[in-house]
Amino acid sequence: MSERIRKIIHVDMDCFFAAVEMRDFPEYRGRPLAVGGSEKQRGVISTCNYEARKFGVRSAMPTGRAIQLCPNLLVVPGRMNVYKQVSGQIRAIFERYTAIIEPLSLDEAYLDVTDATLYRGSATLIAEAIRSDIFNELHLTASAGVAPIKFLAKVASDINKPNGQFVIPPNQVQQVVDKLPLEKIPGVGKVSLEKLHQAGFYLCEDIKQADYRELLHKFGRQGESLWKRSHGIDEREVVTERERKSVGVERTFSHNIRSYDECWQVIEQKLYPELEVRLAKASPDKAIIKQGIKVKFADFQLTTIEHIHPQLDLDDFRQLLRDVLQRQNGREIRLLGLSVMLKPEDRSKQLSFF
Ligand SMILES: [Mg+2]
């Protein structure tokens, strides 16, 4: 994998379920509306429009509580089949611009447009075009965020919501990240936020200035992830459904390792047996097309190597390990992973996702 700068768009529909209802039923417009379960059945709100949000109604709130806050709230049960169908139409619009699409839910997706050719590859213009296609063709609004890394694209799509977009260019990443409150980082929930505040951490720059080992000690895996995000690091690729058809195992070391022999020992004794088990569970009868090794070096650079190989094969990983360590340049290794890619299923089957 190269170090080149990526262009990632996060597209997020504005109060999607409620917006579809307002589009299809004009009588719902201009009044507080929510899609959700009924109060009688102790349901919860799944989405609400902006009129309802003014009263403090939120997703995942019990419907009874929402009605207390907003007595005029109209709660409708929702039409999941329609939302799925619209989601498919939105996806078809994305596909005009890139093939690398990672849906997060029916109304939200990451797009990698690094190699897109339309609009001379301008992610800003592509995001605008996608939003105007959605508006013109589906009569719905979307917000978008553009950034070189995933989590910031998601943060950015929230900034000018609804019906807006925000771009974080590569040279402004650190500046934006520094002033970012920790609760804006996807995955930081109420409980961890409280813990972070107790430890005196409010903004990413607080984390950046903290001692890495102390963070790891206090917050474990999340500490590591926060440390990375606070340095503007997010190596996660935009993963399409097709690519997701893979099985992998990995290990982050508490003490970095360095030599081929140390790596091989981990692979032979730990990772390979884990991979065998995982594979047997995940997809016992699927054909394998590739196997690969992932290495993360002490400086957090992540590299992967894979080659076409029709079966799981321990010996074959020896050569892959030799090859991938060619990229080591004296660096220590903090993570090792093995993966196999499975033969994709029929495209027609995958469409059922939407
Ligand atoms: Mg949304």
# chains A, B, ... in the order shown; residues from 1 in each chain; ligands from 1
$ residues_around --residues "Phe300 (chain A)" --least-positions-apart "6" --cutoff "12 Å" --atoms "only C-alpha atoms" --output "PDB file with N, CA, C and O atoms, in the first residue's frame"
ATOM      1  N   GLU A   3       1.673   5.478   0.271  1.00  0.00           N
ATOM      2  CA  GLU A   3       1.411   6.534   1.239  1.00  0.00           C
ATOM      3  C   GLU A   3       0.650   7.685   0.608  1.00  0.00           C
ATOM      4  O   GLU A   3       0.545   8.733   1.200  1.00  0.00           O
ATOM      5  N   GLU A 224      -5.279   3.752  22.144  1.00  0.00           N
ATOM      6  CA  GLU A 224      -4.437   3.717  20.950  1.00  0.00           C
ATOM      7  C   GLU A 224      -5.131   4.393  19.784  1.00  0.00           C
ATOM      8  O   GLU A 224      -4.560   5.196  19.055  1.00  0.00           O
ATOM      9  N   SER A 225      -6.400   4.041  19.625  1.00  0.00           N
ATOM     10  CA  SER A 225      -7.144   4.608  18.512  1.00  0.00           C
ATOM     11  C   SER A 225      -7.293   6.131  18.664  1.00  0.00           C
ATOM     12  O   SER A 225      -7.108   6.880  17.708  1.00  0.00           O
ATOM     13  N   TRP A 227      -5.307   8.106  20.226  1.00  0.00           N
ATOM     14  CA  TRP A 227      -3.988   8.707  20.006  1.00  0.00           C
ATOM     15  C   TRP A 227      -3.752   8.892  18.507  1.00  0.00           C
ATOM     16  O   TRP A 227      -3.298   9.922  18.041  1.00  0.00           O
ATOM     17  N   LYS A 228      -4.111   7.856  17.754  1.00  0.00           N
ATOM     18  CA  LYS A 228      -3.926   7.938  16.305  1.00  0.00           C
ATOM     19  C   LYS A 228      -4.815   9.014  15.694  1.00  0.00           C
ATOM     20  O   LYS A 228      -4.347   9.856  14.922  1.00  0.00           O
ATOM     21  N   ARG A 229      -6.101   8.969  16.023  1.00  0.00           N
ATOM     22  CA  ARG A 229      -7.015   9.968  15.473  1.00  0.00           C
ATOM     23  C   ARG A 229      -6.535  11.384  15.804  1.00  0.00           C
ATOM     24  O   ARG A 229      -6.605  12.277  14.982  1.00  0.00           O
ATOM     25  N   HIS A 231      -3.638  12.391  16.115  1.00  0.00           N
ATOM     26  CA  HIS A 231      -2.503  12.752  15.260  1.00  0.00           C
ATOM     27  C   HIS A 231      -2.912  12.779  13.794  1.00  0.00           C
ATOM     28  O   HIS A 231      -2.058  12.811  12.899  1.00  0.00           O
ATOM     29  N   GLY A 232      -4.200  12.706  13.543  1.00  0.00           N
ATOM     30  CA  GLY A 232      -4.667  12.730  12.155  1.00  0.00           C
ATOM     31  C   GLY A 232      -4.361  11.445  11.410  1.00  0.00           C
ATOM     32  O   GLY A 232      -4.207  11.460  10.188  1.00  0.00           O
ATOM     33  N   ILE A 233      -4.277  10.338  12.145  1.00  0.00           N
ATOM     34  CA  ILE A 233      -3.979   9.052  11.497  1.00  0.00           C
ATOM     35  C   ILE A 233      -5.234   8.179  11.485  1.00  0.00           C
ATOM     36  O   ILE A 233      -5.868   7.988  12.522  1.00  0.00           O
ATOM     37  N   ASP A 234      -5.588   7.693  10.325  1.00  0.00           N
ATOM     38  CA  ASP A 234      -6.691   6.731  10.188  1.00  0.00           C
ATOM     39  C   ASP A 234      -6.415   5.946   8.910  1.00  0.00           C
ATOM     40  O   ASP A 234      -6.692   6.400   7.815  1.00  0.00           O
ATOM     41  N   GLU A 235      -5.818   4.772   9.075  1.00  0.00           N
ATOM     42  CA  GLU A 235      -5.386   4.023   7.885  1.00  0.00           C
ATOM     43  C   GLU A 235      -6.516   3.221   7.267  1.00  0.00           C
ATOM     44  O   GLU A 235      -6.311   2.564   6.265  1.00  0.00           O
ATOM     45  N   THR A 252      -1.730  -7.078  17.770  1.00  0.00           N
ATOM     46  CA  THR A 252      -0.900  -5.930  18.109  1.00  0.00           C
ATOM     47  C   THR A 252      -0.048  -6.335  19.300  1.00  0.00           C
ATOM     48  O   THR A 252      -0.565  -6.899  20.258  1.00  0.00           O
ATOM     49  N   ASN A 256       7.052  -4.303  20.702  1.00  0.00           N
ATOM     50  CA  ASN A 256       7.321  -4.469  19.274  1.00  0.00           C
ATOM     51  C   ASN A 256       8.305  -5.609  19.030  1.00  0.00           C
ATOM     52  O   ASN A 256       9.151  -5.895  19.866  1.00  0.00           O
ATOM     53  N   GLN A 328      10.809  -3.286   5.523  1.00  0.00           N
ATOM     54  CA  GLN A 328      10.955  -2.957   6.935  1.00  0.00           C
ATOM     55  C   GLN A 328      11.864  -1.753   7.189  1.00  0.00           C
ATOM     56  O   GLN A 328      11.582  -0.937   8.068  1.00  0.00           O
ATOM     57  N   ARG A 331      12.758  -0.815  10.735  1.00  0.00           N
ATOM     58  CA  ARG A 331      11.729  -0.449  11.712  1.00  0.00           C
ATOM     59  C   ARG A 331      11.252  -1.667  12.508  1.00  0.00           C
ATOM     60  O   ARG A 331      11.229  -2.783  12.000  1.00  0.00           O
ATOM     61  N   GLU A 332      10.847  -1.418  13.726  1.00  0.00           N
ATOM     62  CA  GLU A 332      10.237  -2.486  14.512  1.00  0.00           C
ATOM     63  C   GLU A 332       8.800  -2.693  14.056  1.00  0.00           C
ATOM     64  O   GLU A 332       8.221  -1.850  13.373  1.00  0.00           O
ATOM     65  N   ILE A 333       8.259  -3.831  14.482  1.00  0.00           N
ATOM     66  CA  ILE A 333       6.920  -4.204  14.028  1.00  0.00           C
ATOM     67  C   ILE A 333       5.966  -4.218  15.207  1.00  0.00           C
ATOM     68  O   ILE A 333       6.253  -4.841  16.235  1.00  0.00           O
ATOM     69  N   ARG A 334       4.840  -3.528  15.063  1.00  0.00           N
ATOM     70  CA  ARG A 334       3.897  -3.489  16.179  1.00  0.00           C
ATOM     71  C   ARG A 334       2.646  -4.328  15.930  1.00  0.00           C
ATOM     72  O   ARG A 334       1.892  -4.608  16.842  1.00  0.00           O
ATOM     73  N   LEU A 335       2.416  -4.698  14.677  1.00  0.00           N
ATOM     74  CA  LEU A 335       1.236  -5.512  14.385  1.00  0.00           C
ATOM     75  C   LEU A 335       1.511  -6.435  13.220  1.00  0.00           C
ATOM     76  O   LEU A 335       2.168  -6.053  12.250  1.00  0.00           O
ATOM     77  N   LEU A 336       0.994  -7.648  13.348  1.00  0.00           N
ATOM     78  CA  LEU A 336       1.077  -8.615  12.251  1.00  0.00           C
ATOM     79  C   LEU A 336      -0.316  -9.170  12.011  1.00  0.00           C
ATOM     80  O   LEU A 336      -1.052  -9.438  12.962  1.00  0.00           O
TER      81      LEU A 336
END
$ closest_atom_pairs --of "region 41-121 of chain A" --to "region 156-165 of chain A" --cutoff "12 Å" --atoms "only C-alpha atoms" --output "JSON lines"
{"residue": "A:Asn49", "atom": "CA", "partner": "A:Pro162", "partner_atom": "CA", "distance": 10.7}
{"residue": "A:Tyr50", "atom": "CA", "partner": "A:Pro162", "partner_atom": "CA", "distance": 9.1}
{"residue": "A:Glu108", "atom": "CA", "partner": "A:Ser157", "partner_atom": "CA", "distance": 10.2}
{"residue": "A:Ala109", "atom": "CA", "partner": "A:Ser157", "partner_atom": "CA", "distance": 10.9}
{"residue": "A:Tyr110", "atom": "CA", "partner": "A:Ser157", "partner_atom": "CA", "distance": 10.7}
$ residues_near_ligand --ligand "ligand 1" --cutoff "9 Å" --atoms "only C-alpha atoms and all ligand atoms" --output "CSV table (one decimal) with all heavy atoms, in the first residue's frame"
chain,number,residue,atom,x,y,z
A,11,VAL,N,-21.0,10.5,2.7
A,11,VAL,CA,-22.3,11.0,2.3
A,11,VAL,C,-23.3,10.5,3.4
A,11,VAL,O,-23.4,9.3,3.7
A,11,VAL,CB,-22.8,10.6,0.9
A,11,VAL,CG1,-24.1,11.1,0.6
A,11,VAL,CG2,-21.7,10.9,-0.1
A,12,ASP,N,-24.1,11.4,3.9
A,12,ASP,CA,-25.1,11.1,4.9
A,12,ASP,C,-26.4,11.8,4.6
A,12,ASP,O,-26.4,13.0,4.5
A,12,ASP,CB,-24.5,11.6,6.3
A,12,ASP,CG,-25.4,11.1,7.4
A,12,ASP,OD1,-26.2,10.2,7.2
A,12,ASP,OD2,-25.3,11.7,8.5
A,13,MET,N,-27.4,11.0,4.4
A,13,MET,CA,-28.7,11.6,4.1
A,13,MET,C,-29.3,12.3,5.3
A,13,MET,O,-29.0,11.9,6.4
A,13,MET,CB,-29.7,10.5,3.7
A,13,MET,CG,-29.3,9.7,2.4
A,13,MET,SD,-29.1,10.6,1.0
A,13,MET,CE,-30.8,11.1,0.7
A,14,ASP,N,-30.0,13.4,5.0
A,14,ASP,CA,-30.6,14.2,6.1
A,14,ASP,C,-31.9,13.6,6.6
A,14,ASP,O,-32.8,13.4,5.8
A,14,ASP,CB,-30.8,15.6,5.7
A,14,ASP,CG,-29.5,16.3,5.1
A,14,ASP,OD1,-28.4,16.0,5.7
A,14,ASP,OD2,-29.6,17.0,4.2
A,15,CYS,N,-31.9,13.2,7.9
A,15,CYS,CA,-33.0,12.6,8.5
A,15,CYS,C,-33.8,11.7,7.6
A,15,CYS,O,-35.0,11.8,7.3
A,15,CYS,CB,-34.0,13.5,9.2
A,15,CYS,SG,-34.6,14.9,8.3
A,16,PHE,N,-33.1,10.7,7.1
A,16,PHE,CA,-33.5,9.9,5.9
A,16,PHE,C,-34.9,9.3,6.0
A,16,PHE,O,-35.7,9.7,5.1
A,16,PHE,CB,-32.5,8.8,5.7
A,16,PHE,CG,-32.7,7.9,4.5
A,16,PHE,CD1,-32.9,8.5,3.3
A,16,PHE,CD2,-32.8,6.5,4.6
A,16,PHE,CE1,-33.1,7.7,2.1
A,16,PHE,CE2,-33.0,5.7,3.5
A,16,PHE,CZ,-33.2,6.3,2.3
A,17,PHE,N,-35.2,8.5,6.9
A,17,PHE,CA,-36.6,7.9,6.9
A,17,PHE,C,-37.7,9.0,7.0
A,17,PHE,O,-38.6,8.9,6.2
A,17,PHE,CB,-36.8,6.9,8.1
A,17,PHE,CG,-35.8,5.8,8.2
A,17,PHE,CD1,-35.8,4.9,9.3
A,17,PHE,CD2,-35.0,5.5,7.1
A,17,PHE,CE1,-34.9,3.9,9.4
A,17,PHE,CE2,-34.1,4.4,7.1
A,17,PHE,CZ,-34.1,3.6,8.3
A,47,THR,N,-35.9,7.8,13.4
A,47,THR,CA,-35.5,9.1,12.8
A,47,THR,C,-36.6,10.1,13.1
A,47,THR,O,-37.7,9.8,13.1
A,47,THR,CB,-35.3,9.0,11.3
A,47,THR,OG1,-34.8,7.7,11.0
A,47,THR,CG2,-34.4,10.1,10.8
A,105,SER,N,-24.9,2.2,6.5
A,105,SER,CA,-26.3,1.9,6.8
A,105,SER,C,-27.0,2.2,5.6
A,105,SER,O,-26.4,2.6,4.5
A,105,SER,CB,-26.7,2.7,8.0
A,105,SER,OG,-26.7,4.1,7.6
A,106,LEU,N,-28.4,2.2,5.6
A,106,LEU,CA,-29.1,2.5,4.4
A,106,LEU,C,-28.9,4.0,4.0
A,106,LEU,O,-29.1,4.3,2.8
A,106,LEU,CB,-30.6,2.4,4.7
A,106,LEU,CG,-31.1,0.9,4.9
A,106,LEU,CD1,-32.6,0.9,5.2
A,106,LEU,CD2,-30.9,0.1,3.6
A,107,ASP,N,-28.5,4.8,4.9
A,107,ASP,CA,-28.5,6.3,4.5
A,107,ASP,C,-27.1,6.9,4.6
A,107,ASP,O,-27.0,8.1,4.6
A,107,ASP,CB,-29.5,7.0,5.3
A,107,ASP,CG,-28.9,7.4,6.7
A,107,ASP,OD1,-28.3,6.5,7.3
A,107,ASP,OD2,-29.1,8.5,7.1
A,108,GLU,N,-26.1,6.1,4.6
A,108,GLU,CA,-24.7,6.7,4.9
A,108,GLU,C,-23.7,5.8,4.2
A,108,GLU,O,-23.8,4.6,4.3
A,108,GLU,CB,-24.6,6.5,6.4
A,108,GLU,CG,-23.8,7.6,7.1
A,108,GLU,CD,-23.6,7.3,8.6
A,108,GLU,OE1,-24.6,7.0,9.2
A,108,GLU,OE2,-22.5,7.3,9.0
A,142,ALA,N,-28.9,15.5,1.0
A,142,ALA,CA,-27.8,14.7,1.6
A,142,ALA,C,-26.8,15.8,2.0
A,142,ALA,O,-26.7,16.8,1.5
A,142,ALA,CB,-27.2,13.8,0.6
A,143,SER,N,-26.0,15.4,3.0
A,143,SER,CA,-24.8,16.2,3.4
A,143,SER,C,-23.6,15.4,3.2
A,143,SER,O,-23.7,14.1,3.1
A,143,SER,CB,-24.9,16.6,4.9
A,143,SER,OG,-26.1,17.4,5.1
$ select_by_dssp --residues "region 101-187 of chain A" --states "alpha helix (DSSP H)" --output "PyMOL selection string"
chain A and resi 123-138+150-159+173-178
$ write_last_selection --atoms "N, CA and C atoms" --output "compact mmCIF listing (two decimals), in the first residue's frame"
# COMPACT_ATOMS: atom_id res chain seq x y z
N ALA A 123 -12.73 16.01 -5.44
CA ALA A 123 -13.67 15.39 -4.50
C ALA A 123 -14.76 16.37 -4.09
N THR A 124 -14.39 17.63 -4.00
CA THR A 124 -15.37 18.66 -3.63
C THR A 124 -16.48 18.74 -4.67
N LEU A 125 -16.08 18.77 -5.95
CA LEU A 125 -17.08 18.87 -7.02
C LEU A 125 -17.88 17.57 -7.15
N ILE A 126 -17.22 16.45 -6.92
CA ILE A 126 -17.94 15.17 -6.99
C ILE A 126 -18.99 15.11 -5.88
N ALA A 127 -18.62 15.55 -4.69
CA ALA A 127 -19.59 15.54 -3.58
C ALA A 127 -20.78 16.44 -3.92
N GLU A 128 -20.50 17.60 -4.50
CA GLU A 128 -21.59 18.49 -4.89
C GLU A 128 -22.48 17.84 -5.94
N ALA A 129 -21.83 17.18 -6.90
CA ALA A 129 -22.60 16.54 -7.98
C ALA A 129 -23.48 15.42 -7.44
N ILE A 130 -22.93 14.63 -6.54
CA ILE A 130 -23.71 13.55 -5.95
C ILE A 130 -24.92 14.11 -5.21
N ARG A 131 -24.68 15.16 -4.45
CA ARG A 131 -25.80 15.74 -3.68
C ARG A 131 -26.84 16.34 -4.60
N SER A 132 -26.40 16.93 -5.70
CA SER A 132 -27.43 17.50 -6.58
C SER A 132 -28.13 16.41 -7.39
N ASP A 133 -27.44 15.33 -7.74
CA ASP A 133 -28.14 14.20 -8.37
C ASP A 133 -29.22 13.65 -7.44
N ILE A 134 -28.84 13.48 -6.18
CA ILE A 134 -29.80 12.94 -5.20
C ILE A 134 -31.00 13.87 -5.08
N PHE A 135 -30.72 15.16 -5.05
CA PHE A 135 -31.82 16.12 -4.90
C PHE A 135 -32.71 16.15 -6.14
N ASN A 136 -32.07 16.22 -7.30
CA ASN A 136 -32.85 16.35 -8.53
C ASN A 136 -33.64 15.10 -8.87
N GLU A 137 -33.04 13.95 -8.59
CA GLU A 137 -33.68 12.71 -9.02
C GLU A 137 -34.55 12.08 -7.94
N LEU A 138 -34.15 12.24 -6.71
CA LEU A 138 -34.88 11.55 -5.63
C LEU A 138 -35.63 12.51 -4.71
N LYS A 150 -10.88 8.61 6.71
CA LYS A 150 -12.28 8.27 6.91
C LYS A 150 -12.95 9.03 8.05
N PHE A 151 -12.36 8.99 9.20
CA PHE A 151 -13.10 9.52 10.35
C PHE A 151 -13.34 11.02 10.20
N LEU A 152 -12.40 11.71 9.57
CA LEU A 152 -12.60 13.15 9.38
C LEU A 152 -13.65 13.44 8.31
N ALA A 153 -13.76 12.56 7.32
CA ALA A 153 -14.82 12.74 6.33
C ALA A 153 -16.18 12.66 7.02
N LYS A 154 -16.28 11.73 7.96
CA LYS A 154 -17.53 11.58 8.70
C LYS A 154 -17.79 12.79 9.61
N VAL A 155 -16.75 13.23 10.27
CA VAL A 155 -16.89 14.44 11.09
C VAL A 155 -17.34 15.61 10.21
N ALA A 156 -16.74 15.71 9.03
CA ALA A 156 -17.00 16.86 8.15
C ALA A 156 -18.44 16.87 7.62
N SER A 157 -19.01 15.68 7.40
CA SER A 157 -20.36 15.67 6.82
C SER A 157 -21.38 16.21 7.81
N ASP A 158 -21.02 16.28 9.06
CA ASP A 158 -21.93 16.76 10.10
C ASP A 158 -21.87 18.29 10.24
N ILE A 159 -20.81 18.90 9.72
CA ILE A 159 -20.55 20.32 10.01
C ILE A 159 -21.57 21.25 9.37
N VAL A 173 -5.68 19.11 8.04
CA VAL A 173 -6.12 17.99 8.87
C VAL A 173 -5.74 18.21 10.34
N GLN A 174 -4.46 18.50 10.59
CA GLN A 174 -4.03 18.58 11.98
C GLN A 174 -4.70 19.73 12.71
N GLN A 175 -4.85 20.84 12.00
CA GLN A 175 -5.49 22.01 12.57
C GLN A 175 -6.93 21.70 13.00
N VAL A 176 -7.67 21.00 12.15
CA VAL A 176 -9.05 20.65 12.47
C VAL A 176 -9.08 19.65 13.62
N VAL A 177 -8.20 18.65 13.51
CA VAL A 177 -8.20 17.60 14.52
C VAL A 177 -7.88 18.18 15.90
N ASP A 178 -6.90 19.09 15.97
CA ASP A 178 -6.49 19.64 17.27
C ASP A 178 -7.67 20.17 18.07
$ select_by_dssp --residues "region 38-284 of chain A" --states "strand (DSSP E)" --output "PyMOL selection string"
chain A and resi 45-48+74-76+101-105+108-112+142-147+165-167+246-257
$ decode --residues "region 313-324 of chain A" --atoms "all heavy atoms" --output "mmCIF file, in the first residue's frame"
data_model
loop_
_atom_site.group_PDB
_atom_site.id
_atom_site.type_symbol
_atom_site.label_atom_id
_atom_site.label_comp_id
_atom_site.auth_asym_id
_atom_site.auth_seq_id
_atom_site.Cartn_x
_atom_site.Cartn_y
_atom_site.Cartn_z
ATOM 1 N N ASP A 313 -2.468 -22.030 3.192
ATOM 2 C CA ASP A 313 -1.206 -22.737 3.047
ATOM 3 C C ASP A 313 -0.151 -22.066 3.930
ATOM 4 O O ASP A 313 0.287 -20.949 3.667
ATOM 5 C CB ASP A 313 -0.808 -22.658 1.557
ATOM 6 C CG ASP A 313 0.479 -23.398 1.270
ATOM 7 O OD1 ASP A 313 1.194 -23.772 2.223
ATOM 8 O OD2 ASP A 313 0.778 -23.592 0.086
ATOM 9 N N LEU A 314 0.231 -22.748 4.977
ATOM 10 C CA LEU A 314 1.189 -22.181 5.928
ATOM 11 C C LEU A 314 2.526 -21.876 5.265
ATOM 12 O O LEU A 314 3.096 -20.802 5.437
ATOM 13 C CB LEU A 314 1.381 -23.131 7.116
ATOM 14 C CG LEU A 314 2.382 -22.681 8.181
ATOM 15 C CD1 LEU A 314 1.958 -21.364 8.823
ATOM 16 C CD2 LEU A 314 2.555 -23.747 9.258
ATOM 17 N N ASP A 315 3.028 -22.828 4.480
ATOM 18 C CA ASP A 315 4.337 -22.644 3.850
ATOM 19 C C ASP A 315 4.375 -21.414 2.956
ATOM 20 O O ASP A 315 5.382 -20.725 2.873
ATOM 21 C CB ASP A 315 4.691 -23.880 3.008
ATOM 22 C CG ASP A 315 5.450 -24.898 3.858
ATOM 23 O OD1 ASP A 315 5.976 -24.478 4.912
ATOM 24 O OD2 ASP A 315 5.488 -26.081 3.486
ATOM 25 N N ASP A 316 3.267 -21.206 2.325
ATOM 26 C CA ASP A 316 3.197 -20.097 1.400
ATOM 27 C C ASP A 316 3.349 -18.743 2.109
ATOM 28 O O ASP A 316 3.818 -17.768 1.540
ATOM 29 C CB ASP A 316 1.850 -20.179 0.683
ATOM 30 C CG ASP A 316 1.778 -19.200 -0.449
ATOM 31 O OD1 ASP A 316 2.573 -19.338 -1.386
ATOM 32 O OD2 ASP A 316 0.956 -18.270 -0.373
ATOM 33 N N PHE A 317 2.948 -18.709 3.395
ATOM 34 C CA PHE A 317 3.089 -17.460 4.145
ATOM 35 C C PHE A 317 4.563 -17.133 4.416
ATOM 36 O O PHE A 317 4.906 -15.980 4.652
ATOM 37 C CB PHE A 317 2.320 -17.537 5.468
ATOM 38 C CG PHE A 317 0.845 -17.235 5.329
ATOM 39 C CD1 PHE A 317 -0.114 -18.194 5.632
ATOM 40 C CD2 PHE A 317 0.415 -15.983 4.903
ATOM 41 C CE1 PHE A 317 -1.471 -17.912 5.511
ATOM 42 C CE2 PHE A 317 -0.938 -15.691 4.785
ATOM 43 C CZ PHE A 317 -1.886 -16.659 5.083
ATOM 44 N N ARG A 318 5.437 -18.159 4.389
ATOM 45 C CA ARG A 318 6.870 -17.892 4.608
ATOM 46 C C ARG A 318 7.407 -16.906 3.572
ATOM 47 O O ARG A 318 8.094 -15.951 3.896
ATOM 48 C CB ARG A 318 7.693 -19.181 4.474
ATOM 49 C CG ARG A 318 7.557 -20.132 5.623
ATOM 50 C CD ARG A 318 8.464 -21.348 5.325
ATOM 51 N NE ARG A 318 8.050 -22.503 6.082
ATOM 52 C CZ ARG A 318 8.459 -22.742 7.337
ATOM 53 N NH1 ARG A 318 9.280 -21.899 7.938
ATOM 54 N NH2 ARG A 318 8.032 -23.802 7.977
ATOM 55 N N GLN A 319 7.074 -17.199 2.322
ATOM 56 C CA GLN A 319 7.576 -16.339 1.257
ATOM 57 C C GLN A 319 6.961 -14.937 1.351
ATOM 58 O O GLN A 319 7.647 -13.931 1.201
ATOM 59 C CB GLN A 319 7.268 -16.952 -0.118
ATOM 60 C CG GLN A 319 7.913 -16.204 -1.280
ATOM 61 C CD GLN A 319 9.442 -16.094 -1.123
ATOM 62 O OE1 GLN A 319 10.129 -17.068 -0.805
ATOM 63 N NE2 GLN A 319 9.977 -14.891 -1.326
ATOM 64 N N LEU A 320 5.664 -14.914 1.668
ATOM 65 C CA LEU A 320 5.005 -13.613 1.815
ATOM 66 C C LEU A 320 5.667 -12.799 2.929
ATOM 67 O O LEU A 320 5.858 -11.594 2.796
ATOM 68 C CB LEU A 320 3.523 -13.814 2.128
ATOM 69 C CG LEU A 320 2.597 -14.063 0.941
ATOM 70 C CD1 LEU A 320 1.186 -14.389 1.440
ATOM 71 C CD2 LEU A 320 2.537 -12.857 0.012
ATOM 72 N N LEU A 321 6.003 -13.470 4.013
ATOM 73 C CA LEU A 321 6.639 -12.772 5.132
ATOM 74 C C LEU A 321 7.996 -12.208 4.703
ATOM 75 O O LEU A 321 8.327 -11.061 4.976
ATOM 76 C CB LEU A 321 6.801 -13.709 6.333
ATOM 77 C CG LEU A 321 7.471 -13.082 7.564
ATOM 78 C CD1 LEU A 321 6.660 -11.913 8.114
ATOM 79 C CD2 LEU A 321 7.695 -14.125 8.667
ATOM 80 N N ARG A 322 8.772 -13.033 3.992
ATOM 81 C CA ARG A 322 10.065 -12.557 3.495
ATOM 82 C C ARG A 322 9.865 -11.313 2.629
ATOM 83 O O ARG A 322 10.551 -10.318 2.775
ATOM 84 C CB ARG A 322 10.736 -13.648 2.647
ATOM 85 C CG ARG A 322 11.909 -14.277 3.359
ATOM 86 C CD ARG A 322 12.467 -15.441 2.559
ATOM 87 N NE ARG A 322 12.426 -16.650 3.355
ATOM 88 C CZ ARG A 322 11.841 -17.784 3.006
ATOM 89 N NH1 ARG A 322 11.244 -17.897 1.836
ATOM 90 N NH2 ARG A 322 11.858 -18.818 3.815
ATOM 91 N N ASP A 323 8.884 -11.387 1.758
ATOM 92 C CA ASP A 323 8.654 -10.272 0.836
ATOM 93 C C ASP A 323 8.233 -8.995 1.569
ATOM 94 O O ASP A 323 8.701 -7.909 1.278
ATOM 95 C CB ASP A 323 7.580 -10.640 -0.192
ATOM 96 C CG ASP A 323 8.071 -11.714 -1.162
ATOM 97 O OD1 ASP A 323 9.308 -11.948 -1.200
ATOM 98 O OD2 ASP A 323 7.239 -12.320 -1.861
ATOM 99 N N VAL A 324 7.340 -9.186 2.530
ATOM 100 C CA VAL A 324 6.820 -7.981 3.179
ATOM 101 C C VAL A 324 7.889 -7.345 4.066
ATOM 102 O O VAL A 324 7.951 -6.120 4.207
ATOM 103 C CB VAL A 324 5.502 -8.277 3.953
ATOM 104 C CG1 VAL A 324 5.770 -8.930 5.296
ATOM 105 C CG2 VAL A 324 4.674 -7.014 4.126
#
